[in-house]
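**Student:** File name work-v4.pdb; file contents PDB, C-alpha atoms; full text below.
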```
ATOM      1  CA  MET A   1       0.000   0.000   0.000
ATOM      2  CA  THR A   2       1.362   3.414  -1.023
ATOM      3  CA  THR A   3       0.771   6.402   1.245
ATOM      4  CA  TYR A   4       1.128  10.157   0.759
ATOM      5  CA  ALA A   5       1.791  12.712   3.486
ATOM      6  CA  GLY A   6       1.063  16.429   3.549
ATOM      7  CA  ILE A   7       2.321  18.881   6.172
ATOM      8  CA  ASP A   8       0.729  22.293   6.607
ATOM      9  CA  LEU A   9       3.575  24.127   8.344
ATOM     10  CA  HIS A  10       3.200  27.144  10.631
ATOM     11  CA  SER A  11       5.506  29.092  12.928
ATOM     12  CA  SER A  12       4.976  26.996  16.066
ATOM     13  CA  ASN A  13       3.065  23.903  14.901
ATOM     14  CA  ASN A  14       2.083  21.871  11.880
ATOM     15  CA  PHE A  15      -0.717  19.598  10.778
ATOM     16  CA  LEU A  16       0.258  16.194   9.383
ATOM     17  CA  GLY A  17      -2.197  14.342   7.166
ATOM     18  CA  ILE A  18      -1.558  10.967   5.481
ATOM     19  CA  ILE A  19      -3.729   9.254   2.853
ATOM     20  CA  ASP A  20      -3.487   5.964   0.948
ATOM     21  CA  GLN A  21      -3.774   5.328  -2.805
ATOM     22  CA  LYS A  22      -7.574   5.296  -2.548
ATOM     23  CA  ASP A  23      -7.592   8.741  -0.918
ATOM     24  CA  ARG A  24      -8.592   7.355   2.460
ATOM     25  CA  ARG A  25      -7.307   9.268   5.472
ATOM     26  CA  VAL A  26      -5.069   7.068   7.582
ATOM     27  CA  PHE A  27      -3.502   9.675   9.894
ATOM     28  CA  ALA A  28      -4.367  13.211  11.004
ATOM     29  CA  ARG A  29      -2.817  15.128  13.874
ATOM     30  CA  ARG A  30      -1.604  18.583  14.816
ATOM     31  CA  LEU A  31       1.985  18.443  16.055
ATOM     32  CA  PRO A  32       4.366  20.976  17.590
ATOM     33  CA  ASN A  33       7.367  21.998  15.533
ATOM     34  CA  GLU A  34       9.593  19.424  17.211
ATOM     35  CA  LEU A  35      11.486  17.091  14.928
ATOM     36  CA  GLU A  36      11.302  14.070  17.209
ATOM     37  CA  GLN A  37       7.501  14.111  17.363
ATOM     38  CA  ILE A  38       7.202  14.533  13.573
ATOM     39  CA  LEU A  39       9.587  11.626  12.948
ATOM     40  CA  ASN A  40       7.675   9.435  15.415
ATOM     41  CA  ALA A  41       4.418  10.167  13.595
ATOM     42  CA  LEU A  42       5.928   9.373  10.175
ATOM     43  CA  GLN A  43       7.894   6.278  11.243
ATOM     44  CA  PRO A  44       5.033   3.694  10.936
ATOM     45  CA  HIS A  45       4.466   4.817   7.326
ATOM     46  CA  LYS A  46       8.095   5.271   6.236
ATOM     47  CA  GLU A  47       8.264   2.140   4.072
ATOM     48  CA  THR A  48       5.069   2.995   2.163
ATOM     49  CA  LEU A  49       5.451   6.766   1.811
ATOM     50  CA  ASN A  50       5.604   8.002  -1.771
ATOM     51  CA  ALA A  51       6.513  11.515  -0.598
ATOM     52  CA  VAL A  52       6.139  13.998   2.221
ATOM     53  CA  VAL A  53       4.748  17.262   0.828
ATOM     54  CA  ILE A  54       5.625  20.456   2.711
ATOM     55  CA  GLU A  55       4.203  23.830   1.824
ATOM     56  CA  SER A  56       6.883  26.355   0.927
ATOM     57  CA  THR A  57       6.560  28.793   3.825
ATOM     58  CA  TYR A  58       9.213  31.104   5.248
ATOM     59  CA  ASN A  59      10.444  28.469   7.737
ATOM     60  CA  TRP A  60      10.715  25.280   5.688
ATOM     61  CA  TYR A  61      14.529  24.907   5.809
ATOM     62  CA  TRP A  62      14.790  23.004   9.077
ATOM     63  CA  LEU A  63      12.023  20.508   8.374
ATOM     64  CA  VAL A  64      12.946  19.706   4.765
ATOM     65  CA  ASP A  65      16.645  19.282   5.640
ATOM     66  CA  ALA A  66      15.865  17.041   8.617
ATOM     67  CA  LEU A  67      13.423  14.791   6.735
ATOM     68  CA  GLN A  68      15.833  14.407   3.829
ATOM     69  CA  ALA A  69      18.627  13.547   6.255
ATOM     70  CA  HIS A  70      16.419  10.767   7.686
ATOM     71  CA  GLY A  71      15.764   9.313   4.243
ATOM     72  CA  TYR A  72      12.271  10.645   3.522
ATOM     73  CA  PRO A  73      11.373  11.691  -0.036
ATOM     74  CA  VAL A  74      10.345  15.335   0.276
ATOM     75  CA  ARG A  75       8.416  17.573  -2.119
ATOM     76  CA  LEU A  76       8.241  21.329  -1.628
ATOM     77  CA  ALA A  77       4.803  22.599  -2.675
ATOM     78  CA  ASN A  78       4.498  25.960  -4.432
ATOM     79  CA  PRO A  79       1.571  27.672  -2.626
ATOM     80  CA  SER A  80       1.139  30.413  -5.231
ATOM     81  CA  ALA A  81       0.455  27.786  -7.911
ATOM     82  CA  ILE A  82      -1.991  25.704  -5.854
ATOM     83  CA  LYS A  83      -5.577  26.674  -6.588
ATOM     84  CA  GLN A  84      -8.493  25.169  -4.672
ATOM     85  CA  TYR A  85     -12.130  25.286  -5.645
ATOM     86  CA  GLU A  86     -13.364  28.785  -4.769
ATOM     87  CA  GLY A  87     -16.842  27.517  -3.834
ATOM     88  CA  LEU A  88     -15.586  25.713  -0.732
ATOM     89  CA  LYS A  89     -17.342  26.956   2.387
ATOM     90  CA  HIS A  90     -14.813  25.775   4.936
ATOM     91  CA  THR A  91     -11.089  25.035   4.871
ATOM     92  CA  ASP A  92      -8.597  24.671   7.700
ATOM     93  CA  ASP A  93      -5.121  23.267   8.371
ATOM     94  CA  LYS A  94      -6.414  19.716   8.338
ATOM     95  CA  HIS A  95      -8.059  20.167   4.958
ATOM     96  CA  ASP A  96      -4.951  21.870   3.531
ATOM     97  CA  SER A  97      -2.605  19.074   4.615
ATOM     98  CA  PHE A  98      -4.791  16.416   3.008
ATOM     99  CA  TRP A  99      -5.119  18.566  -0.113
ATOM    100  CA  LEU A 100      -1.303  18.605  -0.483
ATOM    101  CA  ALA A 101      -1.201  14.821  -0.145
ATOM    102  CA  HIS A 102      -4.102  14.485  -2.598
ATOM    103  CA  LEU A 103      -2.296  16.535  -5.260
ATOM    104  CA  GLN A 104       0.816  14.391  -4.829
ATOM    105  CA  ARG A 105      -1.265  11.228  -5.236
ATOM    106  CA  LEU A 106      -2.727  12.559  -8.497
ATOM    107  CA  GLY A 107       0.718  13.602  -9.736
ATOM    108  CA  ILE A 108      -0.301  17.231 -10.288
ATOM    109  CA  LEU A 109       1.417  18.888  -7.331
ATOM    110  CA  PRO A 110       3.104  22.218  -8.301
ATOM    111  CA  THR A 111       6.526  21.944  -6.701
ATOM    112  CA  GLY A 112       9.231  24.399  -5.781
ATOM    113  CA  TYR A 113      12.990  23.979  -6.054
ATOM    114  CA  ILE A 114      14.737  22.627  -2.969
ATOM    115  CA  TYR A 115      17.980  24.557  -3.037
ATOM    116  CA  PRO A 116      21.048  22.464  -2.086
ATOM    117  CA  LYS A 117      21.751  22.831   1.621
ATOM    118  CA  ASP A 118      25.510  23.345   1.240
ATOM    119  CA  GLN A 119      25.066  26.292  -1.171
ATOM    120  CA  ARG A 120      22.197  27.955   0.682
ATOM    121  CA  PRO A 121      24.293  29.963   3.230
ATOM    122  CA  LEU A 122      26.180  31.845   0.494
ATOM    123  CA  ARG A 123      22.951  32.641  -1.331
ATOM    124  CA  ASP A 124      21.370  33.924   1.877
ATOM    125  CA  LEU A 125      24.480  35.996   2.614
ATOM    126  CA  LEU A 126      24.110  37.752  -0.749
ATOM    127  CA  ARG A 127      20.455  38.384   0.072
ATOM    128  CA  ARG A 128      21.521  40.078   3.314
ATOM    129  CA  ARG A 129      23.894  42.241   1.295
ATOM    130  CA  LEU A 130      20.953  43.420  -0.797
ATOM    131  CA  LEU A 131      19.034  44.213   2.388
ATOM    132  CA  PHE A 132      21.914  46.393   3.620
ATOM    133  CA  VAL A 133      22.150  48.094   0.201
ATOM    134  CA  LYS A 134      18.459  49.013   0.395
ATOM    135  CA  HIS A 135      18.870  50.401   3.915
ATOM    136  CA  ARG A 136      21.898  52.465   2.854
ATOM    137  CA  THR A 137      19.993  53.820  -0.153
ATOM    138  CA  ALA A 138      17.088  54.805   2.102
ATOM    139  CA  HIS A 139      19.415  56.767   4.398
ATOM    140  CA  LEU A 140      21.196  58.397   1.438
ATOM    141  CA  LEU A 141      17.904  59.550  -0.060
ATOM    142  CA  SER A 142      16.720  60.813   3.317
ATOM    143  CA  LEU A 143      19.909  62.826   3.847
ATOM    144  CA  GLN A 144      19.836  64.170   0.285
ATOM    145  CA  SER A 145      16.252  65.285   0.787
ATOM    146  CA  MET A 146      17.103  66.991   4.067
ATOM    147  CA  ILE A 147      20.017  68.928   2.556
ATOM    148  CA  GLU A 148      17.980  70.002  -0.459
ATOM    149  CA  ARG A 149      15.014  70.963   1.697
ATOM    150  CA  HIS A 150      17.010  73.137   4.113
ATOM    151  CA  LEU A 151      19.852  74.433   1.943
ATOM    152  CA  GLY A 152      18.560  74.232  -1.612
ATOM    153  CA  ARG A 153      21.587  72.302  -2.881
ATOM    154  CA  ARG A 154      21.839  68.821  -4.360
ATOM    155  CA  ILE A 155      24.660  66.547  -3.148
ATOM    156  CA  PRO A 156      25.413  63.418  -5.245
ATOM    157  CA  ALA A 157      24.938  60.123  -3.436
ATOM    158  CA  ASN A 158      28.518  58.999  -4.156
ATOM    159  CA  GLN A 159      29.787  62.122  -2.414
ATOM    160  CA  LEU A 160      27.678  61.425   0.669
ATOM    161  CA  LYS A 161      28.937  57.830   0.894
ATOM    162  CA  SER A 162      32.437  59.053   1.726
ATOM    163  CA  ALA A 163      31.554  62.428   3.270
ATOM    164  CA  ASP A 164      32.987  63.600   6.579
ATOM    165  CA  ALA A 165      30.310  64.356   9.157
ATOM    166  CA  LEU A 166      31.874  67.532  10.577
ATOM    167  CA  PRO A 167      31.785  69.743   7.425
ATOM    168  CA  LEU A 168      28.213  68.681   6.643
ATOM    169  CA  MET A 169      27.086  69.364  10.205
ATOM    170  CA  GLN A 170      28.413  72.909   9.981
ATOM    171  CA  TRP A 171      25.955  73.656   7.177
ATOM    172  CA  PHE A 172      23.105  73.503   9.699
ATOM    173  CA  GLU A 173      22.463  75.948  12.525
ATOM    174  CA  SER A 174      20.273  73.756  14.739
ATOM    175  CA  ASP A 175      21.895  71.232  17.073
ATOM    176  CA  HIS A 176      19.055  68.820  16.329
ATOM    177  CA  GLU A 177      19.666  68.949  12.588
ATOM    178  CA  GLN A 178      23.412  68.487  13.108
ATOM    179  CA  LEU A 179      22.707  65.356  15.145
ATOM    180  CA  ILE A 180      20.489  64.003  12.362
ATOM    181  CA  VAL A 181      23.296  64.502   9.829
ATOM    182  CA  LYS A 182      25.858  62.877  12.113
ATOM    183  CA  CYS A 183      23.676  59.845  12.861
ATOM    184  CA  GLN A 184      22.708  59.248   9.239
ATOM    185  CA  LEU A 185      26.289  59.554   7.981
ATOM    186  CA  ASN A 186      27.438  57.104  10.642
ATOM    187  CA  VAL A 187      24.762  54.625   9.574
ATOM    188  CA  ILE A 188      25.656  55.062   5.868
ATOM    189  CA  GLN A 189      29.351  54.471   6.504
ATOM    190  CA  TYR A 190      28.697  51.479   8.755
ATOM    191  CA  LEU A 191      26.399  49.897   6.169
ATOM    192  CA  LYS A 192      29.033  50.509   3.497
ATOM    193  CA  HIS A 193      31.552  48.680   5.684
ATOM    194  CA  LEU A 194      29.158  45.711   6.059
ATOM    195  CA  ILE A 195      28.468  45.603   2.309
ATOM    196  CA  ASP A 196      32.192  45.661   1.464
ATOM    197  CA  THR A 197      32.867  42.930   4.043
ATOM    198  CA  ILE A 198      30.180  40.657   2.568
ATOM    199  CA  GLU A 199      31.366  41.274  -1.002
ATOM    200  CA  ASN A 200      34.985  40.481  -0.148
ATOM    201  CA  HIS A 201      33.948  37.330   1.697
ATOM    202  CA  ILE A 202      31.769  36.041  -1.140
ATOM    203  CA  VAL A 203      34.313  36.802  -3.855
ATOM    204  CA  SER A 204      36.969  34.877  -1.911
ATOM    205  CA  ALA A 205      34.644  32.018  -0.907
ATOM    206  CA  VAL A 206      32.922  31.165  -4.200
ATOM    207  CA  LYS A 207      33.896  31.183  -7.862
ATOM    208  CA  LEU A 208      31.614  31.346 -10.849
ATOM    209  CA  ARG A 209      30.881  27.882 -12.176
ATOM    210  CA  LYS A 210      31.742  27.259 -15.818
ATOM    211  CA  GLN A 211      28.199  27.647 -17.080
ATOM    212  CA  PHE A 212      27.914  31.031 -15.340
ATOM    213  CA  GLN A 213      31.294  32.493 -16.330
ATOM    214  CA  MET A 214      29.867  33.681 -19.624
ATOM    215  CA  LEU A 215      27.530  35.986 -17.701
ATOM    216  CA  LEU A 216      30.437  38.411 -17.358
ATOM    217  CA  THR A 217      30.376  38.928 -21.147
ATOM    218  CA  ILE A 218      26.928  40.559 -20.859
ATOM    219  CA  THR A 219      27.109  44.360 -20.724
ATOM    220  CA  GLY A 220      25.708  45.471 -17.381
ATOM    221  CA  ILE A 221      26.499  42.300 -15.420
ATOM    222  CA  GLY A 222      29.548  42.486 -13.169
ATOM    223  CA  LYS A 223      30.938  40.022 -10.665
ATOM    224  CA  ILE A 224      28.414  40.685  -7.877
ATOM    225  CA  LEU A 225      25.397  40.485 -10.209
ATOM    226  CA  ALA A 226      26.818  37.352 -11.857
ATOM    227  CA  LEU A 227      27.297  35.712  -8.446
ATOM    228  CA  THR A 228      23.764  36.753  -7.446
ATOM    229  CA  ILE A 229      22.313  35.186 -10.595
ATOM    230  CA  MET A 230      24.371  32.006 -10.191
ATOM    231  CA  LEU A 231      23.440  31.504  -6.541
ATOM    232  CA  GLU A 232      19.760  32.298  -7.104
ATOM    233  CA  VAL A 233      19.385  30.114 -10.217
ATOM    234  CA  GLY A 234      21.166  27.036  -8.923
ATOM    235  CA  ASP A 235      20.688  24.534 -11.748
ATOM    236  CA  ILE A 236      19.782  26.311 -14.993
ATOM    237  CA  ASN A 237      18.558  23.034 -16.484
ATOM    238  CA  ARG A 238      15.547  23.072 -14.160
ATOM    239  CA  PHE A 239      14.020  25.587 -16.590
ATOM    240  CA  ALA A 240      12.835  23.714 -19.675
ATOM    241  CA  LYS A 241      12.186  26.861 -21.732
ATOM    242  CA  VAL A 242      13.467  30.409 -21.818
ATOM    243  CA  GLY A 243       9.956  31.679 -21.089
ATOM    244  CA  HIS A 244       9.886  29.735 -17.832
ATOM    245  CA  TYR A 245      13.141  31.377 -16.758
ATOM    246  CA  SER A 246      12.005  34.852 -17.781
ATOM    247  CA  SER A 247       8.769  34.362 -15.834
ATOM    248  CA  TYR A 248      10.714  33.154 -12.783
ATOM    249  CA  CYS A 249      12.719  36.391 -12.968
ATOM    250  CA  CYS A 250       9.454  38.417 -12.862
ATOM    251  CA  CYS A 251      10.278  39.926 -16.249
ATOM    252  CA  VAL A 252       7.007  39.164 -18.036
ATOM    253  CA  GLN A 253       3.577  40.755 -17.922
ATOM    254  CA  SER A 254       0.920  39.324 -15.657
ATOM    255  CA  LYS A 255      -2.471  39.789 -17.287
ATOM    256  CA  ARG A 256      -5.649  37.806 -17.754
ATOM    257  CA  TYR A 257      -7.563  38.149 -21.040
ATOM    258  CA  SER A 258     -10.927  36.832 -22.160
ATOM    259  CA  ASN A 259     -12.460  37.437 -25.591
ATOM    260  CA  GLY A 260      -9.631  39.822 -26.391
ATOM    261  CA  LYS A 261     -10.311  41.982 -23.330
ATOM    262  CA  LYS A 262      -8.237  42.417 -20.190
ATOM    263  CA  LYS A 263     -10.227  41.088 -17.231
ATOM    264  CA  ALA A 264      -7.723  41.130 -14.390
ATOM    265  CA  GLU A 265      -4.104  40.626 -13.402
ATOM    266  CA  ASN A 266      -2.546  37.411 -12.184
ATOM    267  CA  ASN A 267       0.091  37.150  -9.463
ATOM    268  CA  ARG A 268       2.835  39.377 -10.874
ATOM    269  CA  ARG A 269       4.992  38.825  -7.779
ATOM    270  CA  ASN A 270       5.184  35.080  -8.367
ATOM    271  CA  GLY A 271       8.873  34.437  -8.988
ATOM    272  CA  ASN A 272      12.289  35.298  -7.610
ATOM    273  CA  ARG A 273      12.467  38.942  -6.555
ATOM    274  CA  TYR A 274      16.256  38.806  -6.183
ATOM    275  CA  LEU A 275      16.698  37.814  -9.825
ATOM    276  CA  ALA A 276      14.174  40.500 -10.780
ATOM    277  CA  TRP A 277      16.323  43.068  -8.952
ATOM    278  CA  ALA A 278      19.544  41.754 -10.546
ATOM    279  CA  TYR A 279      18.237  42.076 -14.103
ATOM    280  CA  VAL A 280      16.788  45.551 -13.501
ATOM    281  CA  GLU A 281      20.202  46.610 -12.199
ATOM    282  CA  ALA A 282      21.845  45.044 -15.252
ATOM    283  CA  ALA A 283      19.390  46.848 -17.541
ATOM    284  CA  ASN A 284      20.193  50.214 -15.947
ATOM    285  CA  PHE A 285      23.909  49.648 -16.503
ATOM    286  CA  ALA A 286      23.407  48.277 -20.031
ATOM    287  CA  ARG A 287      21.449  51.301 -21.235
ATOM    288  CA  ARG A 288      24.332  53.525 -20.137
ATOM    289  CA  TYR A 289      27.221  51.608 -21.643
ATOM    290  CA  CYS A 290      25.755  49.667 -24.594
ATOM    291  CA  LYS A 291      24.609  51.684 -27.600
ATOM    292  CA  LEU A 292      22.252  48.961 -28.869
ATOM    293  CA  ALA A 293      20.663  48.586 -25.431
ATOM    294  CA  GLN A 294      20.304  52.365 -25.199
ATOM    295  CA  GLN A 295      18.514  52.488 -28.564
ATOM    296  CA  PHE A 296      16.164  49.684 -27.469
ATOM    297  CA  TYR A 297      15.451  51.502 -24.213
ATOM    298  CA  GLN A 298      14.752  54.825 -25.930
ATOM    299  CA  HIS A 299      12.408  53.137 -28.426
ATOM    300  CA  LYS A 300      10.417  51.482 -25.618
ATOM    301  CA  ALA A 301      10.412  54.627 -23.452
ATOM    302  CA  ALA A 302       8.968  56.671 -26.314
ATOM    303  CA  LYS A 303       6.089  54.188 -26.671
ATOM    304  CA  SER A 304       5.362  53.706 -22.947
ATOM    305  CA  ASN A 305       7.386  55.150 -20.050
ATOM    306  CA  PRO A 306      10.932  54.837 -18.652
ATOM    307  CA  ALA A 307      10.021  52.284 -15.969
ATOM    308  CA  LEU A 308       8.409  49.906 -18.466
ATOM    309  CA  ALA A 309      11.315  50.435 -20.844
ATOM    310  CA  VAL A 310      13.805  49.341 -18.169
ATOM    311  CA  LYS A 311      11.647  46.298 -17.417
ATOM    312  CA  ALA A 312      11.496  45.391 -21.113
ATOM    313  CA  LEU A 313      15.275  45.671 -21.340
ATOM    314  CA  SER A 314      15.680  43.500 -18.235
ATOM    315  CA  ASN A 315      13.501  40.871 -19.923
ATOM    316  CA  LYS A 316      15.763  40.911 -22.983
ATOM    317  CA  LEU A 317      18.843  40.454 -20.811
ATOM    318  CA  ALA A 318      17.198  37.659 -18.799
ATOM    319  CA  ARG A 319      16.313  35.755 -21.971
ATOM    320  CA  ALA A 320      19.816  36.274 -23.361
ATOM    321  CA  SER A 321      21.475  35.134 -20.137
ATOM    322  CA  TYR A 322      19.382  31.946 -20.173
ATOM    323  CA  TYR A 323      21.000  30.838 -23.426
ATOM    324  CA  VAL A 324      24.407  32.122 -22.305
ATOM    325  CA  MET A 325      24.223  29.961 -19.173
ATOM    326  CA  ARG A 326      22.588  26.921 -20.759
ATOM    327  CA  ASP A 327      24.774  26.724 -23.874
ATOM    328  CA  GLN A 328      27.901  28.279 -22.290
ATOM    329  CA  VAL A 329      28.394  30.724 -25.151
ATOM    330  CA  PRO A 330      29.482  34.396 -25.014
ATOM    331  CA  TYR A 331      26.935  37.184 -25.199
ATOM    332  CA  GLN A 332      26.321  38.838 -28.578
ATOM    333  CA  ALA A 333      24.476  42.151 -28.405
ATOM    334  CA  GLN A 334      23.965  42.243 -32.184
ATOM    335  CA  ARG A 335      21.884  39.071 -32.068
ATOM    336  CA  LEU A 336      19.840  40.278 -29.114
ATOM    337  CA  PHE A 337      18.977  43.729 -30.491
ATOM    338  CA  ARG A 338      18.846  43.042 -34.213
TER     339      ARG A 338
END
```
Would it be possible to restate this file's structure as structure tokens?

**Tutor:**
Amino acid sequence: MTTYAGIDLHSSNNFLGIIDQKDRRVFARRLPNELEQILNALQPHKETLNAVVIESTYNWYWLVDALQAHGYPVRLANPSAIKQYEGLKHTDDKHDSFWLAHLQRLGILPTGYIYPKDQRPLRDLLRRRLLFVKHRTAHLLSLQSMIERHLGRRIPANQLKSADALPLMQWFESDHEQLIVKCQLNVIQYLKHLIDTIENHIVSAVKLRKQFQMLLTITGIGKILALTIMLEVGDINRFAKVGHYSSYCCCVQSKRYSNGKKKAENNRRNGNRYLAWAYVEAANFARRYCKLAQQFYQHKAAKSNPALAVKALSNKLARASYYVMRDQVPYQAQRLFR
């Protein structure tokens, strides 16, 4: 007898439901998030389990890694792709766990990628770098706005990154405003130190794999962006088509049409937001330093607006990088923008 398990995972507890090949419920229980109790509940069914399905929530790392280490076949369910009948009057954790197992039994479970455990820390470290970059940008914009609001002058962000606090403080008469300037400059410089530390560590700890080395031939993609793409993508062969990869990078439109008319929008955030950021950054660099990319951007901006033009350029670069990584060939701008 083959069995199928579904786990609806929460922050402090989970609901485990197990069914057989005839969809009969053979086990149902809410358990605390303690590995020993979960293993004890699964142990009687270990020999017959086809898979243990876990919903991809923010805290799945520990459970997936532990079950795999104990020899359980694990599937990571993609919650944004799982659609239940909207006419249901009542659903709860118990129903959701059995629904995951039911989809696995039918062979139609939308799954997510279980990133290799040994490579995950470096990927997460790069994600923290991006978090610090966003915080530094927020403080730079805040300080720029304050200076322009009080003094009527515009200071470039690059100048503020390395500015000395004392000269800037002297521009303001109020002690309170001087303290604001001092605190924000200290935060900016400290965040810059953290960002540089992370970048140096990652560059020394990991090298671009062969299939990702060609990313450096793409105008707009430097070492940090190439490492970000490599660590976020993992195995490029998990994307069967270039459209799947472009969609995963959030570079495509999300619209729903019926009878030639737009009815609504689908989930435009479904994908990898870190890859989406990387390709937008690459597009902004490409339109500055590549004449063909600049012409493409200007053509799109004239028809729509600058933001959509950057997004369209990021889509072009994402599609090009897919073939560059998959086929391990250098980038050719003439073929992309012909």

**Student:** What lies within 6 Å of Asn14 (chain A) using all atoms listed in the file, ignoring chain neighbours under 6 positions off, as a list in words?

**Tutor:**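 What passes the distance filter is Asp8, Arg30 and Leu31 of chain A.
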
**Student:** Can you list what the PyMOL selection byres ((chain A and resi 317-321) around 8) grabs from this structure, as a CSV table (one decimal) with C-alpha atoms, keeping the file's coordinate frame?

**Tutor:**
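The resulting out_7.csv:
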```csv
chain,number,residue,atom,x,y,z
A,215,LEU,CA,27.5,36.0,-17.7
A,218,ILE,CA,26.9,40.6,-20.9
A,242,VAL,CA,13.5,30.4,-21.8
A,243,GLY,CA,10.0,31.7,-21.1
A,245,TYR,CA,13.1,31.4,-16.8
A,246,SER,CA,12.0,34.9,-17.8
A,249,CYS,CA,12.7,36.4,-13.0
A,251,CYS,CA,10.3,39.9,-16.2
A,279,TYR,CA,18.2,42.1,-14.1
A,282,ALA,CA,21.8,45.0,-15.3
A,283,ALA,CA,19.4,46.8,-17.5
A,313,LEU,CA,15.3,45.7,-21.3
A,314,SER,CA,15.7,43.5,-18.2
A,315,ASN,CA,13.5,40.9,-19.9
A,316,LYS,CA,15.8,40.9,-23.0
A,322,TYR,CA,19.4,31.9,-20.2
A,323,TYR,CA,21.0,30.8,-23.4
A,324,VAL,CA,24.4,32.1,-22.3
A,325,MET,CA,24.2,30.0,-19.2
A,331,TYR,CA,26.9,37.2,-25.2
A,336,LEU,CA,19.8,40.3,-29.1
```

**Student:** When the PyMOL selection byres ((chain A and resi 79) around 10) is applied to the structure above, which residues does it catch, written out as an NGL selection string?

**Tutor:** :A and (54-57 or 76-78 or 80-83 or 100 or 109-112)

**Student:** Quick one: residues within 9 Å of region 166-177 of chain A, all atoms listed in the file, excluding same-chain residues fewer than 2 positions away - as a ChimeraX atom specification?

**Tutor:** /A:147,150-151,163-164,179-182

**Student:** Identify all residues satisfying the PyMOL selection byres ((chain A and resi 223-225) around 9) in the given file; provide them as a PyMOL selection string.

**Tutor:** chain A and resi 126+199+202-203+208+215-216+220-222+226-230+278-279+281-282

**Student:** Name the residues within 6 Å of (7.2, 26.4, 6.4), counting all atoms listed in the file in the file's coordinates, and put them as a list in words.

**Tutor:**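 Output of the proximity query reads Leu9, His10, Ser56, Thr57, Tyr58, Asn59 and Trp60 of chain A.
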
**Student:** Take the residues from that selection and put them in a file with C-alpha atoms, as a compact mmCIF listing (two decimals), keeping the file's coordinate frame.

**Tutor:**
```txt
# COMPACT_ATOMS: atom_id res chain seq x y z
CA LEU A 9 3.58 24.13 8.34
CA HIS A 10 3.20 27.14 10.63
CA SER A 56 6.88 26.36 0.93
CA THR A 57 6.56 28.79 3.82
CA TYR A 58 9.21 31.10 5.25
CA ASN A 59 10.44 28.47 7.74
CA TRP A 60 10.72 25.28 5.69
```

**Student:** Please define a box with edges along x, y and z of the file around all atoms of region 238-241 of chain A given in the file, extend it by 6 Å on each side, and return its centre and edge lengths in Å to one decimal, as lines of an AutoDock Vina configuration file.

**Tutor:**
```
center_x = 13.9
center_y = 25.0
center_z = -17.9
size_x = 15.4
size_y = 15.8
size_z = 19.6
```

**Student:** For a quick check of understanding, using all atoms listed in the file, which of A:Asp235, A:Ala286, A:Phe27, A:Leu140 has the smallest distance to Thr217 (chain A)?

**Tutor:** A:Ala286

**Student:** Could you give me, as a PyMOL selection string, the residues that sit within 9 Å of (24.6, 41.1, 0.6) in the file's coordinates, counting all atoms listed in the file?

**Tutor:** chain A and resi 123-133+194-196+198-199+202

**Student:** Rank nothing, just name the residue among A:Lys241, A:His135, A:Lys300, A:Lys311 nearest to Arg326 (chain A), using all atoms listed in the file.

**Tutor:**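 Comparing A:Lys241, A:His135, A:Lys300, A:Lys311 against Arg326 (chain A), the winner is A:Lys241.
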
**Student:** When distances are computed from only C-alpha atoms, which of A:Asn158, A:Val206, A:Ala41, A:Gly234 shows the smallest separation from Lys117 (chain A)?

**Tutor:** A:Gly234

**Student:** Could you state the separation of CA of Asn272 (chain A) and CA of Glu232 (chain A) in Å, given to one decimal place?

**Tutor:**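 A separation of 8.1 Å between them.
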
**Student:** Distance CA of Arg287 (chain A)-CA of Asn305 (chain A), one decimal place?

**Tutor:**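 Answer for the CA of Arg287 (chain A) to CA of Asn305 (chain A) separation: 14.6 Å.
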
**Student:** Using all atoms listed in the file, pick whichever of A:Leu185, A:Gln104, A:Ser12, A:Ala205 has the shortest atom-to-atom distance to Pro121 (chain A).

**Tutor:**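 Closest candidate: A:Ala205.
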
**Student:** Grab the CA of Ala5 (chain A) to CA of Asn237 (chain A) distance for me, in Å with one decimal place.

**Tutor:**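 According to the coordinates, CA of Ala5 (chain A) and CA of Asn237 (chain A) are separated by 28.0 Å.
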
**Student:** I need the residue nearest Tyr72 (chain A) from this list: A:Gln84, A:Gln43, A:Ser11, A:Gln253. Use only C-alpha atoms for the distance.

**Tutor:**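 With only C-alpha atoms as the atom set, the closest residue is A:Gln43.
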
**Student:** Where atoms are absent from region 159-165 of chain A, fill them in so it carries N, CA and C atoms, then output it as a compact mmCIF listing (two decimals), in the coordinates of the input.

**Tutor:**
```txt
# COMPACT_ATOMS: atom_id res chain seq x y z
N GLN A 159 29.05 61.20 -3.28
CA GLN A 159 29.79 62.12 -2.41
C GLN A 159 29.39 61.94 -0.95
N LEU A 160 28.13 61.64 -0.70
CA LEU A 160 27.68 61.42 0.67
C LEU A 160 28.22 60.13 1.26
N LYS A 161 28.45 59.12 0.39
CA LYS A 161 28.94 57.83 0.89
C LYS A 161 30.28 57.96 1.61
N SER A 162 31.10 58.90 1.13
CA SER A 162 32.44 59.05 1.73
C SER A 162 32.60 60.41 2.40
N ALA A 163 31.48 61.09 2.69
CA ALA A 163 31.55 62.43 3.27
C ALA A 163 31.96 62.38 4.74
N ASP A 164 32.63 63.44 5.17
CA ASP A 164 32.99 63.60 6.58
C ASP A 164 31.83 64.30 7.28
N ALA A 165 31.49 63.84 8.47
CA ALA A 165 30.31 64.36 9.16
C ALA A 165 30.48 65.82 9.58
```
